[in-house]
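Colleague: Once you've had a glance at the structure underneath, I'll fire off some questions.
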Amino acid sequence: MAFSRAAKLTLAALLLAFPLLSDSFTAYQLGLYLLYGMVAQGIALCWGRAGFLPLGQALFFGIGAYLSGAALKADLGWALLIPAFAVACLVPALLAGLVGALVFNRQTGSGPYFSLITLALSMLGFQLANSLSGITGGFNGMTAIPGLPGIDTYETLYFVIVGVLVVSTLVLAHVMRAPFGQLLIAIRENEERLQFFGFRTSMLKAAAFGISGGIAGLAGALYAPHQGIVTPQAVGFVLSAELLIWTAVGGRFGLIGPVAGAVLIGFMAAGLRDSFRYWEVAVALVFILVVLKMPGGISGLFSAALSRFGGGSSTRHEAPTPQLLASKDQRAAPDLRFDTVGVSMGPVRILNGLSFSISRTGIHCIIGPNGAGKTSALNVLTGRLPLGAGEISWRGVSLGNTRPFIAARNGIGRKFQVPSIFPELSVRQNIEIALWANRIGTTEMFSMRPYGWTTQMLGELKIRFPFLMQSDKMAGSLSVGQRQMLDFSMTVLAEPDLVLLDEPCAGLSADETRQMIEAIAAIAGETKATFIIIEHDMQVVERLSDHVLVMHQGALLANGTMTEIRANADVARVYSGGSK
Amino acid sequence: MKRRDFIKSSLTVAVAGALSGTALTSAFAAGPIKVGILIPLSGPAGLFGPSSQNCAQMAVDEINASGGILGRQIEPVFADVGGPPADATQAALKLWKGEKAEAFIGMHDSAVRGALTNLFKGQVPYIYTPVYEGGECAAGTYVIGETPDQQLAPVIPWLAKEKGASKWYLIGNDYNWPRDTNAAAKGYIEASGGEVVGEEYLPFTADNFDSNLAKIKDTGANAVLITLVGGASVGFNRAFASFGLSDSAIRLGTLIEENTLAGIGAENSKGLYSSAGYFASIDTPAAKAFAEAYAAKFGADAAALNSLGQSCYEGVLLLSALAGKAQSLSASDIDTIAEGTTYEGPRGAATMSNRHVAKDIYLAQADGTAFTVVQTFADVDPGNNCG
Amino acid sequence: MDLVVTYGLNFAYSTATLGLIVLGLAVVFGLLGVMNMAHGEFVMLGAYSALMVQQAGLPFVLAIPLAVIVCGALGWLMEWSVIRHLYRRPFDTFLATWGIAILMRKGVEVSFGREYQSVDQSLPGTVSLMGIDYPAYRLVLMAVIVTMFALLFVWYQRSNTGARIKAMVQNPDLAAAVGINTARLSRATFVTGVAIAGLAGVLLAPLVRVEPYMGLDYLLSSFFILVVGGLGTLEGLIIGSSIIGGADVVISAIFDKTAGYLGVLAISILFLWLRPDGIFSRR
């Protein structure tokens, strides 16, 4: 990532000139490592970018290799080989995408379970490749695979590999630079927040995994003619683990690193294995060191050194043409209904017959003592808690047991009490993601245009919160107050119809609280969106809202204007808050 | 690069010449013959690396002491082919094109062999030495390992007659060699009047054999043909004996060599037979002299002799015999004269037939953790391997 | 009938031994979240402890303290040098311990060689039980494992340390805040986990092959069993072992071992996908 364009061009030129500088047989050897490096690039996309670790990547590599091997053995000629190669690339891509979709759809987060599934799949593939000897040739492998027609395996195939590597690197680099790539980082940083912006993160991850599977398949498709044989090891766990090691050692955050890792360890192992009996010890030690001390791998060291000497600027791309997006000016009336909603966690009943409805725009406040179920009410509305009993609907759409991204797509935006942002992304990138929410289409995720998007509201927010103009500052280095404001800005920039704010002023200084209240009031007035705010501070409540809902023990206790609430005897009995 | 190579090889020649002294006059121009010796030093078969290396080195030293091949000294260059075929190809290519090896001897699995025959394409003589499933007929490739036909044709009738083996259970790992071995076995079992009462294949990862043992017991088998490899064979045989099955059935293995037997352990080896072209305990003058020389050269703690390791010794002998007969190391010259070439080694006399060798086969019975040869079958035909 | 008894005992045996093998990993992965890829290597070290005791001509039982000391010391070193920097980073523990596993295998290879080793059974022979002959050592082993689990269960439920571990697992920050030394407790837990793995190695050594690479056999299936049973409870561990062991026994008996292996993998994948929190989860 941190390599400049000149450095990349030099690298590509060096690769092309390699056979002249060395000899064609070392180049042949390098060709294999470059193929492995391609697979490692795909792993880097999943692991370094999106934060989930695929443990069985050889499966896709091997499937591609077997498919292309079979096609080559059938002696099809170029006219049919090209589609066959496309199949060898697409089948693993679709398989990976399908696995990703099925698994991620059930499990948010990037825990070890997905990794173990891919590992088990790779083991399954290895055993099947061994057992289905009629198709694969079994343990002895699919043998005597001819080279690509008209291309000498030991002389010219290398250039084909370099060509494919350059193309796949460019494609991946584009994918990483495009909004899709930025969304993957957002997933790594804070997947749940992204879901509350209406992104179906499971599909984004599945797409990333699918792309990595396709790249692995493509590398495998070239491996078959390169080696002339495909054996079950090409599918198995050991190669999968090695690919991971190469990615980690080379550096998992970029595209050059994984290839460098595969090439360096490849040559190191090839050089050592015949002369030094315990070469694996050397590899293992390097590996442990990398895990402990250099999470960015070798290329991480390089880019750190580069940036120290002022090189390797991190400017991402030339700014695209700004494009002012239209704001919503017409909004249907709100219609939110909670009908005897019950939620239980184990034996504890969190919500117990909560009923209310909101059919008026404006700012509605929920108050109540701690443990009254205020946040849980918002959680069940946005699919963060399962609905136990009753019914929830928003504009006639039932939201019982919904999921965060569906709630968001129905126009419900949410800000949590603890500011929830993408710390490793810059302020600008955080804002971009909010602007993309509910707006960006699948094709736009792979185009640069959305980086130019802006709205009128963004301009106003920047005036209100000047720190938003420090666009290159990492969001993680903002103060707590600024994070609250950034989170709030992101929530409203998505222009939801129903805005749920959970204690937006928590942790803010008096001055910041004032700023925040003004912002909420102004935006609520301008956008005609409906706000529901959980708030403890009665002064805030009084300033903002004329409709207050009081919750107690998981149910609605009272409901009315602030004056009515103050006069309510029930409220006075259970709620010792009042004004501070 | 070419220049660098030239300098490097001239240096090697000069050094080798200076060391041997005698070679200077006879073959300065040609230098020593580099022979690539491909053995597993890592991976599942890495266990056989040290004994293979020792045996090959011993053969090279002996041949060099008696003048080398075609008057040239042999310089063995070893490479590790214990990994997957892709790694093995890289290693072989480095020796072939980088080190300019003129011939290859390989002791590795069949997947690697497939990759290597595809790489060499008959352009360089390649001798494949370990026991395998048979059927290799690529140009320039010569096989001295035991084929299923050799290991079973004489042995099964003998066990039927002498040990009453009639109800056979076939168990092996799930890949080509066990399946092909069992396919051959079925014919011999039927011919000997026996029957196959069960046939099963296990994944390499299998480490619990209880369900197999229950089936073996249930079928009333009195003989088990074992084509499990390595650790699976050790684990199976240990469990087999612990269930007391060694009292009711004999076991025949076609790849149970000295290391595997050591792992099986003395208390689990009752009624265990092994069929192979070599055992460390063969009681012929040639084999005894070989074993003694091995012990003298590498010491008492050296890697134990076994059929796989020792096959590398035979491989060097065959290369020497082929080159001597062809008066050339070119693959095409050797291919024309190969048929009928004979050589004699610790295993006994061997004759090339259809790229394989007809040779003696030994049936040994485990006695504690050592083998005792109980029967020698002379000059066993390798069977029909080339179509 | 005999066959039913045999399969029943085999099922019990495989459940018990799998449970024994997984127990150490259940402690390390289930409680600490460390994906210890060197788990199998600790089992291997235990088996080599049994071998060392046998080679020295000492009684088999002495292998148990030896294995606990060897594995415990090594586990301590590993925790101190690597693991403690990686808590709550499961992927990194996975990668680092993978490297450590290679070092351990190579270390044993240097000391003992690649050869297969044979550890004698201290109780050879079979016992007649319900009409079939069953290996005596296995029966004793099953009894030992059952006793061990029962004691462990009681200890974990009743003891103060058990309570503190539970507190640490559920909320490390809170546990630290109420005065539990989580760094020390984590280390003790890790060391205990790998020592248990070593103990499993000793007990299994007479039954299995012993060689530097034997650990790989136990590693992956252990992870799958843990996931099937659910992390963090002994009951789950036993259920997981019996599901995985049982599936293997049943499918292998009906079809063959390959089908059994594929079946176990498929079941593991289904659990990882649909019920990653184990069979008892309410999802």
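A note on labels: chains of the structure tokens are A, B, ... as shown, every chain counts residues from 1, and ligands are counted from 1 in their shown order.
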Apply DSSP to the structure's backbone, then extract all residues of region 79-111 of chain C labelled helix (DSSP H, G or I) and return them as a PyMOL selection string.

Modeller: chain C and resi 79-81+83-85+90-111

Colleague: Convert the current residue selection to file output with N, CA, C and O atoms, as a compact mmCIF listing (two decimals), in the first residue's frame.

Modeller:
```txt
# COMPACT_ATOMS: atom_id res chain seq x y z
N GLU C 79 4.23 -19.83 27.85
CA GLU C 79 3.30 -18.79 28.27
C GLU C 79 4.06 -17.50 28.51
O GLU C 79 3.66 -16.43 28.07
N TRP C 80 5.19 -17.63 29.18
CA TRP C 80 5.96 -16.46 29.55
C TRP C 80 6.55 -15.76 28.32
O TRP C 80 6.54 -14.54 28.22
N SER C 81 7.04 -16.54 27.38
CA SER C 81 7.74 -15.94 26.25
C SER C 81 6.79 -15.49 25.14
O SER C 81 7.05 -14.52 24.46
N ILE C 83 2.78 -16.63 24.78
CA ILE C 83 1.32 -16.59 24.90
C ILE C 83 0.81 -15.36 25.63
O ILE C 83 -0.17 -14.74 25.23
N ARG C 84 1.49 -14.97 26.70
CA ARG C 84 0.94 -13.87 27.51
C ARG C 84 0.83 -12.57 26.73
O ARG C 84 0.08 -11.68 27.09
N HIS C 85 1.60 -12.46 25.64
CA HIS C 85 1.49 -11.25 24.83
C HIS C 85 0.29 -11.31 23.88
O HIS C 85 -0.01 -10.34 23.20
N PRO C 90 -6.98 -14.49 19.24
CA PRO C 90 -6.96 -15.92 18.95
C PRO C 90 -6.18 -16.27 17.67
O PRO C 90 -5.45 -17.27 17.65
N PHE C 91 -6.30 -15.44 16.63
CA PHE C 91 -5.59 -15.77 15.39
C PHE C 91 -4.08 -15.78 15.61
O PHE C 91 -3.36 -16.62 15.09
N ASP C 92 -3.62 -14.80 16.40
CA ASP C 92 -2.19 -14.73 16.63
C ASP C 92 -1.70 -15.89 17.48
O ASP C 92 -0.60 -16.40 17.26
N THR C 93 -2.53 -16.32 18.46
CA THR C 93 -2.10 -17.49 19.22
C THR C 93 -2.04 -18.71 18.29
O THR C 93 -1.14 -19.53 18.39
N PHE C 94 -2.99 -18.76 17.38
CA PHE C 94 -3.00 -19.86 16.41
C PHE C 94 -1.67 -19.90 15.65
O PHE C 94 -1.02 -20.94 15.53
N LEU C 95 -1.27 -18.74 15.13
CA LEU C 95 -0.07 -18.69 14.28
C LEU C 95 1.19 -18.96 15.10
O LEU C 95 2.05 -19.75 14.71
N ALA C 96 1.28 -18.31 16.26
CA ALA C 96 2.50 -18.46 17.05
C ALA C 96 2.67 -19.90 17.54
O ALA C 96 3.76 -20.46 17.48
N THR C 97 1.57 -20.51 17.99
CA THR C 97 1.69 -21.87 18.51
C THR C 97 1.95 -22.86 17.38
O THR C 97 2.54 -23.91 17.60
N TRP C 98 1.53 -22.50 16.18
CA TRP C 98 1.86 -23.35 15.03
C TRP C 98 3.38 -23.41 14.86
O TRP C 98 3.98 -24.46 14.64
N GLY C 99 4.02 -22.24 14.99
CA GLY C 99 5.47 -22.19 14.92
C GLY C 99 6.11 -22.97 16.07
O GLY C 99 7.07 -23.72 15.88
N ILE C 100 5.55 -22.82 17.26
CA ILE C 100 6.11 -23.50 18.43
C ILE C 100 5.99 -25.02 18.26
O ILE C 100 6.90 -25.78 18.62
N ALA C 101 4.86 -25.45 17.66
CA ALA C 101 4.67 -26.89 17.44
C ALA C 101 5.79 -27.44 16.56
O ALA C 101 6.32 -28.53 16.81
N ILE C 102 6.17 -26.68 15.54
CA ILE C 102 7.26 -27.14 14.66
C ILE C 102 8.54 -27.29 15.48
O ILE C 102 9.26 -28.29 15.38
N LEU C 103 8.80 -26.29 16.33
CA LEU C 103 10.02 -26.36 17.15
C LEU C 103 10.00 -27.58 18.06
O LEU C 103 11.01 -28.26 18.23
N MET C 104 8.85 -27.86 18.65
CA MET C 104 8.77 -29.00 19.57
C MET C 104 9.00 -30.32 18.83
O MET C 104 9.70 -31.21 19.32
N ARG C 105 8.39 -30.45 17.66
CA ARG C 105 8.58 -31.69 16.89
C ARG C 105 10.05 -31.87 16.54
O ARG C 105 10.61 -32.96 16.65
N LYS C 106 10.66 -30.77 16.10
CA LYS C 106 12.06 -30.88 15.69
C LYS C 106 12.94 -31.18 16.89
O LYS C 106 13.91 -31.92 16.80
N GLY C 107 12.59 -30.58 18.03
CA GLY C 107 13.36 -30.83 19.24
C GLY C 107 13.35 -32.31 19.60
O GLY C 107 14.40 -32.90 19.90
N VAL C 108 12.19 -32.92 19.55
CA VAL C 108 12.09 -34.34 19.87
C VAL C 108 12.81 -35.17 18.81
O VAL C 108 13.46 -36.17 19.12
N GLU C 109 12.72 -34.71 17.56
CA GLU C 109 13.40 -35.43 16.49
C GLU C 109 14.91 -35.44 16.74
O GLU C 109 15.58 -36.46 16.55
N VAL C 110 15.44 -34.30 17.19
CA VAL C 110 16.87 -34.25 17.46
C VAL C 110 17.23 -35.19 18.61
O VAL C 110 18.22 -35.92 18.55
N SER C 111 16.39 -35.21 19.64
CA SER C 111 16.74 -36.00 20.83
C SER C 111 16.48 -37.49 20.64
O SER C 111 17.25 -38.31 21.12
```

Colleague: Chain C near chain B within 7 Å: what's each residue's closest atom pair and its distance in Å to one decimal, counting only C-alpha atoms, ordered by chain then ascending residue number, as a tab-separated table?

Modeller:
```
residue	atom	partner	partner_atom	distance
C:Thr6	CA	B:Ala214	CA	6.9
C:Asn10	CA	B:Asp210	CA	6.4
C:Arg114	CA	B:Leu47	CA	5.3
C:Glu115	CA	B:Leu47	CA	6.2
C:Tyr116	CA	B:Gly263	CA	4.4
C:Gln117	CA	B:Gly263	CA	4.7
C:Ser118	CA	B:Gly263	CA	4.8
C:Gly125	CA	B:Ser242	CA	6.4
C:Thr126	CA	B:Phe243	CA	6.5
C:Asp133	CA	B:Phe243	CA	7.0
C:Tyr134	CA	B:Phe243	CA	6.0
C:Pro135	CA	B:Phe243	CA	5.4
C:Leu207	CA	B:Arg238	CA	6.7
C:Val208	CA	B:Gly235	CA	5.3
C:Arg209	CA	B:Gly235	CA	5.2
C:Asp217	CA	B:Thr205	CA	6.6
C:Val249	CA	B:Ser211	CA	6.3
C:Ser252	CA	B:Ser211	CA	6.5
C:Ala253	CA	B:Ser211	CA	5.8
C:Asp256	CA	B:Glu200	CA	6.8
C:Lys257	CA	B:Leu202	CA	5.2
C:Thr258	CA	B:Pro203	CA	5.4
```

Colleague: Define the interface residues of chain B facing chain A as those within 9 Å, counting only C-alpha atoms, and report them as number ranges by chain.

Modeller: B: 1-2, 41-42, 78-80, 84-87, 89-91, 93-94, 97-98, 109-115, 117-119, 174-177, 203-204

Colleague: Considering only strand (DSSP E) as DSSP defines it on the backbone, what residues of region 206-323 of chain B qualify? List them as a list in words.

Modeller: Ala223, Val224, Leu225, Ile226, Thr227, Ile250, Arg251, Leu252, Gly253, Leu272, Tyr273, Ser274, Ser275 and Ala276 of chain B

Colleague: Extract, using only C-alpha atoms, all DNA, RNA and protein residues at most 10 Å from Phe61 (chain A), discarding same-chain residues fewer than 2 positions from it, and format them as JSON, numbers by chain.

Modeller: {"A": [35, 36, 38, 39, 56, 57, 58, 59, 63, 64, 65, 66, 88, 89, 92, 212, 213, 214, 215, 216, 217, 218, 219, 220, 221, 222, 223, 234, 235, 236, 239, 240]}

Colleague: So that I have them on file, write out the residues from the current selection with N, CA and C atoms, as a CSV table (one decimal), in the first residue's frame.

Modeller:
```
chain,number,residue,atom,x,y,z
A,35,LEU,N,2.7,-17.8,-8.0
A,35,LEU,CA,1.4,-18.3,-8.0
A,35,LEU,C,0.9,-18.4,-6.6
A,36,TYR,N,1.7,-19.0,-5.7
A,36,TYR,CA,1.4,-19.0,-4.3
A,36,TYR,C,1.1,-17.6,-3.8
A,38,MET,N,0.0,-15.1,-5.3
A,38,MET,CA,-1.4,-14.7,-5.7
A,38,MET,C,-2.4,-15.1,-4.7
A,39,VAL,N,-2.3,-16.4,-4.3
A,39,VAL,CA,-3.3,-16.9,-3.4
A,39,VAL,C,-3.1,-16.1,-2.1
A,56,GLY,N,-8.3,-22.4,5.0
A,56,GLY,CA,-8.3,-23.5,4.1
A,56,GLY,C,-8.2,-23.0,2.6
A,57,GLN,N,-7.4,-22.0,2.4
A,57,GLN,CA,-7.4,-21.4,1.1
A,57,GLN,C,-6.9,-22.3,0.0
A,58,ALA,N,-6.1,-23.3,0.4
A,58,ALA,CA,-5.6,-24.3,-0.7
A,58,ALA,C,-6.8,-25.0,-1.3
A,59,LEU,N,-7.9,-25.1,-0.6
A,59,LEU,CA,-9.1,-25.7,-1.3
A,59,LEU,C,-9.4,-25.1,-2.6
A,63,ILE,N,-9.0,-26.7,-6.3
A,63,ILE,CA,-10.1,-26.9,-7.2
A,63,ILE,C,-9.8,-26.3,-8.6
A,64,GLY,N,-9.3,-25.1,-8.5
A,64,GLY,CA,-8.9,-24.4,-9.8
A,64,GLY,C,-7.9,-25.3,-10.6
A,65,ALA,N,-6.9,-25.8,-9.8
A,65,ALA,CA,-5.9,-26.6,-10.5
A,65,ALA,C,-6.5,-27.9,-11.1
A,66,TYR,N,-7.3,-28.6,-10.4
A,66,TYR,CA,-7.9,-29.8,-10.9
A,66,TYR,C,-8.8,-29.5,-12.1
A,88,ALA,N,-12.6,-22.5,-14.1
A,88,ALA,CA,-11.6,-22.8,-13.0
A,88,ALA,C,-11.5,-21.7,-12.0
A,89,CYS,N,-11.8,-20.5,-12.4
A,89,CYS,CA,-11.7,-19.3,-11.6
A,89,CYS,C,-13.0,-19.1,-10.9
A,92,PRO,N,-14.3,-21.9,-7.9
A,92,PRO,CA,-13.9,-21.7,-6.5
A,92,PRO,C,-14.4,-20.3,-6.0
A,212,SER,N,-11.3,-13.7,-3.1
A,212,SER,CA,-10.0,-14.4,-2.7
A,212,SER,C,-10.1,-15.9,-3.3
A,213,GLY,N,-11.3,-16.5,-3.2
A,213,GLY,CA,-11.4,-17.8,-3.8
A,213,GLY,C,-11.1,-17.8,-5.3
A,214,GLY,N,-11.7,-16.8,-6.0
A,214,GLY,CA,-11.5,-16.7,-7.4
A,214,GLY,C,-10.0,-16.6,-7.8
A,215,ILE,N,-9.3,-15.7,-7.0
A,215,ILE,CA,-7.9,-15.5,-7.3
A,215,ILE,C,-7.1,-16.8,-7.0
A,216,ALA,N,-7.5,-17.5,-5.9
A,216,ALA,CA,-6.8,-18.7,-5.6
A,216,ALA,C,-7.1,-19.7,-6.8
A,217,GLY,N,-8.3,-19.8,-7.3
A,217,GLY,CA,-8.6,-20.7,-8.4
A,217,GLY,C,-7.8,-20.3,-9.6
A,218,LEU,N,-7.7,-19.0,-9.9
A,218,LEU,CA,-6.9,-18.6,-11.1
A,218,LEU,C,-5.4,-19.1,-10.9
A,219,ALA,N,-4.9,-18.9,-9.7
A,219,ALA,CA,-3.5,-19.3,-9.5
A,219,ALA,C,-3.4,-20.8,-9.7
A,220,GLY,N,-4.4,-21.5,-9.2
A,220,GLY,CA,-4.4,-23.0,-9.3
A,220,GLY,C,-4.5,-23.4,-10.8
A,221,ALA,N,-5.3,-22.6,-11.6
A,221,ALA,CA,-5.5,-22.9,-13.0
A,221,ALA,C,-4.1,-22.9,-13.7
A,222,LEU,N,-3.3,-22.0,-13.3
A,222,LEU,CA,-1.9,-21.9,-13.9
A,222,LEU,C,-1.0,-22.9,-13.3
A,223,TYR,N,-1.2,-23.3,-12.1
A,223,TYR,CA,-0.4,-24.2,-11.4
A,223,TYR,C,-0.4,-25.6,-12.1
A,234,ALA,N,-2.4,-30.2,-3.1
A,234,ALA,CA,-2.7,-28.9,-3.6
A,234,ALA,C,-4.0,-28.4,-2.9
A,235,VAL,N,-4.8,-29.3,-2.3
A,235,VAL,CA,-6.1,-28.9,-1.7
A,235,VAL,C,-5.9,-28.8,-0.2
A,236,GLY,N,-4.9,-29.4,0.3
A,236,GLY,CA,-4.9,-29.8,1.8
A,236,GLY,C,-4.5,-28.7,2.8
A,239,LEU,N,-0.7,-27.1,2.8
A,239,LEU,CA,-0.5,-25.9,1.9
A,239,LEU,C,-1.2,-24.7,2.4
A,240,SER,N,-2.5,-24.9,2.9
A,240,SER,CA,-3.2,-23.8,3.5
A,240,SER,C,-2.5,-23.1,4.6
```

Colleague: Got a sec: who's within 12 Å of Glu235 (chain C), counting only C-alpha atoms, leaving out chain neighbours fewer than 4 positions off, as a PyMOL selection string?

Modeller: chain C and resi 19+23+26+149-150+152-153+226+228-231+239-242+278-280

Colleague: Would you mind exporting N, CA and C atoms of the selected residues as an mmCIF file, in the first residue's frame?

Modeller:
```cif
data_model
loop_
_atom_site.group_PDB
_atom_site.id
_atom_site.type_symbol
_atom_site.label_atom_id
_atom_site.label_comp_id
_atom_site.auth_asym_id
_atom_site.auth_seq_id
_atom_site.Cartn_x
_atom_site.Cartn_y
_atom_site.Cartn_z
ATOM 1 N N GLY C 19 -12.121 -37.588 25.163
ATOM 2 C CA GLY C 19 -12.326 -36.637 26.251
ATOM 3 C C GLY C 19 -11.013 -36.326 26.947
ATOM 4 N N LEU C 23 -9.329 -32.631 26.903
ATOM 5 C CA LEU C 23 -9.422 -31.908 28.174
ATOM 6 C C LEU C 23 -8.401 -30.773 28.274
ATOM 7 N N ALA C 26 -9.371 -28.042 26.115
ATOM 8 C CA ALA C 26 -10.577 -27.390 26.625
ATOM 9 C C ALA C 26 -10.179 -26.331 27.639
ATOM 10 N N PHE C 149 -12.284 -37.458 35.543
ATOM 11 C CA PHE C 149 -13.286 -36.464 35.174
ATOM 12 C C PHE C 149 -14.215 -36.160 36.353
ATOM 13 N N ALA C 150 -14.575 -37.206 37.078
ATOM 14 C CA ALA C 150 -15.478 -36.998 38.205
ATOM 15 C C ALA C 150 -14.821 -36.082 39.234
ATOM 16 N N LEU C 152 -12.370 -33.971 38.798
ATOM 17 C CA LEU C 152 -12.185 -32.653 38.229
ATOM 18 C C LEU C 152 -13.477 -31.857 38.283
ATOM 19 N N PHE C 153 -14.565 -32.532 37.986
ATOM 20 C CA PHE C 153 -15.876 -31.898 37.961
ATOM 21 C C PHE C 153 -16.202 -31.346 39.349
ATOM 22 N N LEU C 226 -14.361 -29.843 20.727
ATOM 23 C CA LEU C 226 -14.632 -28.730 21.629
ATOM 24 C C LEU C 226 -15.784 -27.886 21.114
ATOM 25 N N VAL C 228 -18.173 -28.763 19.009
ATOM 26 C CA VAL C 228 -19.437 -29.498 19.028
ATOM 27 C C VAL C 228 -20.023 -29.486 20.442
ATOM 28 N N GLY C 229 -19.178 -29.703 21.423
ATOM 29 C CA GLY C 229 -19.676 -29.756 22.795
ATOM 30 C C GLY C 229 -19.933 -28.390 23.394
ATOM 31 N N GLY C 230 -19.313 -27.389 22.839
ATOM 32 C CA GLY C 230 -19.450 -26.062 23.427
ATOM 33 C C GLY C 230 -18.282 -25.802 24.350
ATOM 34 N N LEU C 231 -17.740 -24.592 24.291
ATOM 35 C CA LEU C 231 -16.552 -24.294 25.082
ATOM 36 C C LEU C 231 -16.904 -24.081 26.540
ATOM 37 N N ILE C 239 -19.984 -34.620 25.973
ATOM 38 C CA ILE C 239 -20.973 -34.775 24.905
ATOM 39 C C ILE C 239 -20.292 -34.666 23.539
ATOM 40 N N GLY C 240 -19.427 -33.650 23.411
ATOM 41 C CA GLY C 240 -18.720 -33.466 22.145
ATOM 42 C C GLY C 240 -17.926 -34.707 21.778
ATOM 43 N N SER C 241 -17.195 -35.260 22.759
ATOM 44 C CA SER C 241 -16.400 -36.459 22.502
ATOM 45 C C SER C 241 -17.295 -37.598 22.062
ATOM 46 N N SER C 242 -18.459 -37.729 22.719
ATOM 47 C CA SER C 242 -19.280 -38.887 22.369
ATOM 48 C C SER C 242 -19.955 -38.679 21.009
ATOM 49 N N GLY C 278 -21.971 -24.729 20.615
ATOM 50 C CA GLY C 278 -22.149 -26.071 21.137
ATOM 51 C C GLY C 278 -23.585 -26.525 21.078
ATOM 52 N N ILE C 279 -23.750 -27.800 21.362
ATOM 53 C CA ILE C 279 -25.046 -28.423 21.170
ATOM 54 C C ILE C 279 -26.099 -27.871 22.118
ATOM 55 N N PHE C 280 -25.670 -27.346 23.270
ATOM 56 C CA PHE C 280 -26.649 -26.859 24.244
ATOM 57 C C PHE C 280 -27.076 -25.418 24.011
#
```

Colleague: Would you list the contacts of Ile127 (chain B) as a list in words, taking every protein, DNA or RNA residue within 6 Å and counting only C-alpha atoms, but skipping same-chain residues closer than 4 positions in sequence?

Modeller: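 Here the qualifying residues turn out to be Ile105, Thr141, Tyr142 and Val143 of chain B.
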
Colleague: Which residue, A:Val162, A:Ala186, A:Ala120, A:Ile211, has the smallest gap to chain C when you use only C-alpha atoms?

Modeller: A:Ala120

Colleague: Restricting the calculation to only C-alpha atoms, which member of A:Leu325, A:Leu121, A:Ala372, A:Leu425 is positioned closest to chain C?

Modeller: A:Leu121

Colleague: Please identify all residues of chain A having at least one atom at most 6 Å from any atom of chain C, considering only C-alpha atoms, and return them as a VMD selection string.

Modeller: chain A and resid 103 113 117 281 284 288

Colleague: What lies within 10 Å of Glu133 (chain B) using only C-alpha atoms, ignoring chain neighbours under 5 positions off, as a PyMOL selection string?

Modeller: chain B and resi 110+145-149+176-182+184+385

Colleague: Interatomic distance between CA of Ala291 (chain B) and CA of Asn306 (chain B)?

Modeller: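 So the two atoms, CA of Ala291 (chain B) and CA of Asn306 (chain B), lie 10.4 Å apart.
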
Colleague: Env of Ala350 (chain B): 10 Å cut, atoms = only C-alpha atoms, seq-sep filter 5 positions within chain, self excluded. Answer as a list in words.

Modeller: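 Returned residues: Ile144, Glu314, Leu318, Gly340, Thr341, Thr342, Tyr343, Glu344, Gly345, His356, Val357, Ala358, Lys359, Asp360, Ala378, Asp379 and Val380 of chain B.
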